[in-house]
Amino acid sequence: MNIAIVTGASSGMGREFVRQLGGYVSVDEIWAVARRASALETLKAETSVPVRPIVLDLLEEASFTELKALLEAEKPNVRLLVNAAGFGKFGAYQKIPVEDDCRMIDLNCKALLRMTRLCVPYMQPGSRILELDSLSAFQPVPYITTYAATKAFVLSYSRAMNRELKAKGIRVMAMNPGWVKTEFFNHAFQTNADNEVRYFNRLYKAKDVVRTGLNDLYHSKKDCSIHGFPIKFQVFLVKLLPHSLVMNTWLNQQKKAKNNEGLTTK
């Protein structure tokens, strides 16, 4: 049985990947992984590919034991893995509970790594892995400190794994969007009471960013996908300029609000 596995599938970018991936890879079933069973059930009506809800919390050790057992029992051919699970928090470091910082590291980094390692043995030449990353991977970002650091890990890990798995015919690509209007902001704003982060230069739609990512994954040799010329240009500049200047520019931008209304769905 050929399958795709998508984590973080109940909302946001993960949900959009489930909707679109049938146009890029032929699979018998999509294993949609997330915590909310009801949200996963409604996905079945949003795609022509059969969806199997896999209700797991990737912050729990037992979830990986359960998924490992399921893979061993069914021995599927994993044609595509999309690691889209993750979250971020905005605000001064001392206002973000240390437990939340550690949870970000556990979900954004450790769970992504474990999902990758679990699935690779069930992949054949031509299989692909998309690791959902962020523009923040390319620079230190004050007041999004831990989240940005986790995304730097994802970028480095993805690029290196792409080289290691090349001999097996398995492709790994990081996807590094700018600001995308999704439920991500529901969590991120919870610790942003003093508006440390309030300037959002451009807001993109999830469906457009996901389309770019899947096109790059299947129709290019990139190890990193970036949606939109303005974001590509920003990454180009960040690579050239000292990080001290980049951080100063970011902090100066936050003094003036832009596109910061209506970003939460609550």
# chains A, B, ... in the order shown; residues from 1 in each chain; ligands from 1
>>> closest_atom_pairs(of="segment 114-209 of chain A", to="segment 66-80 of chain A", cutoff="10 Å", atoms="only C-alpha atoms", output="Markdown table")
| residue | atom | partner | partner_atom | distance |
| --- | --- | --- | --- | --- |
| A:Met115 | CA | A:Leu67 | CA | 9.1 |
| A:Leu118 | CA | A:Lys68 | CA | 6.7 |
| A:Cys119 | CA | A:Val78 | CA | 6.9 |
| A:Val120 | CA | A:Val78 | CA | 8.0 |
| A:Pro121 | CA | A:Val78 | CA | 8.9 |
| A:Tyr122 | CA | A:Asn77 | CA | 5.5 |
| A:Met123 | CA | A:Val78 | CA | 5.1 |
| A:Gln124 | CA | A:Asn77 | CA | 7.0 |
| A:Pro125 | CA | A:Arg79 | CA | 8.9 |
| A:Gly126 | CA | A:Arg79 | CA | 7.4 |
| A:Ser127 | CA | A:Arg79 | CA | 4.5 |
| A:Arg128 | CA | A:Leu80 | CA | 4.9 |
| A:Ile129 | CA | A:Leu80 | CA | 5.7 |
| A:Leu130 | CA | A:Leu80 | CA | 7.8 |
| A:Ile170 | CA | A:Arg79 | CA | 9.4 |
| A:Arg171 | CA | A:Leu80 | CA | 9.6 |
| A:Val172 | CA | A:Leu80 | CA | 9.9 |
>>> select_by_dssp(residues="segment 33-224 of chain A", states="helix (DSSP H, G or I)", output="number ranges by chain")
A: 37-45, 61-74, 93-95, 98-122, 135-138, 145-168, 184-191, 206-219
>>> closest_residue(among="A:Met13, A:Leu81, A:Leu58, A:Val238", to="Val180 of chain A", atoms="only C-alpha atoms")
A:Met13
>>> residues_around(residues="segment 229-236 of chain A", least_positions_apart="4", cutoff="10 Å", atoms="only C-alpha atoms", output="PyMOL selection string")
chain A and resi 135-139+176-179+201-202+225+240-241
>>> residues_around(residues="Thr212 of chain A", least_positions_apart="2", cutoff="9 Å", atoms="only C-alpha atoms", output="VMD selection string")
chain A and resid 207 to 210 214 to 217 225 to 228
>>> select_by_dssp(residues="segment 34-224 of chain A", states="strand (DSSP E or B)", output="PDB file with C-alpha atoms, in the first residue's frame")
ATOM      1  CA  ALA A  34      -2.964  15.231  14.817  1.00  0.00           C
ATOM      2  CA  VAL A  51      -7.867   9.760   4.664  1.00  0.00           C
ATOM      3  CA  ARG A  52      -7.085   7.649   7.703  1.00  0.00           C
ATOM      4  CA  PRO A  53      -7.220   9.740  10.891  1.00  0.00           C
ATOM      5  CA  ILE A  54      -4.318   8.904  13.208  1.00  0.00           C
ATOM      6  CA  VAL A  55      -5.069  10.584  16.532  1.00  0.00           C
ATOM      7  CA  ASN A  77       5.386   2.198   1.162  1.00  0.00           C
ATOM      8  CA  VAL A  78       5.650   5.768   2.466  1.00  0.00           C
ATOM      9  CA  ARG A  79       5.765   7.844  -0.713  1.00  0.00           C
ATOM     10  CA  LEU A  80       5.594  11.171   1.098  1.00  0.00           C
ATOM     11  CA  LEU A  81       6.109  12.431   4.640  1.00  0.00           C
ATOM     12  CA  VAL A  82       5.091  15.988   5.489  1.00  0.00           C
ATOM     13  CA  ASN A  83       6.166  17.114   8.940  1.00  0.00           C
ATOM     14  CA  ARG A 128      10.054  12.458  -0.532  1.00  0.00           C
ATOM     15  CA  ILE A 129      10.115  14.235   2.823  1.00  0.00           C
ATOM     16  CA  LEU A 130       8.942  17.812   3.302  1.00  0.00           C
ATOM     17  CA  GLU A 131       9.918  19.445   6.584  1.00  0.00           C
ATOM     18  CA  LEU A 132       7.808  22.539   7.257  1.00  0.00           C
ATOM     19  CA  ARG A 171      14.620  13.531  -1.310  1.00  0.00           C
ATOM     20  CA  VAL A 172      14.334  15.856   1.692  1.00  0.00           C
ATOM     21  CA  MET A 173      13.323  19.501   1.372  1.00  0.00           C
ATOM     22  CA  ALA A 174      12.739  22.237   3.918  1.00  0.00           C
ATOM     23  CA  MET A 175       9.905  24.660   3.205  1.00  0.00           C
ATOM     24  CA  VAL A 180       1.067  32.697   6.516  1.00  0.00           C
ATOM     25  CA  TYR A 199       4.743  44.107  12.318  1.00  0.00           C
ATOM     26  CA  TYR A 204       0.323  34.844   2.406  1.00  0.00           C
ATOM     27  CA  CYS A 224      14.781  24.654   0.431  1.00  0.00           C
TER      28      CYS A 224
END
>>> atom_distance(atom1="atom CA of Ala148 of chain A", atom2="atom CA of Ser134 of chain A")
7.8 Å
>>> closest_residue(among="A:Gly213, A:Ser63, A:Lys95, A:Lys168", to="Phe17 of chain A", atoms="only C-alpha atoms")
A:Gly213
>>> atom_distance(atom1="atom CA of Val98 of chain A", atom2="atom CA of Thr146 of chain A")
10.1 Å
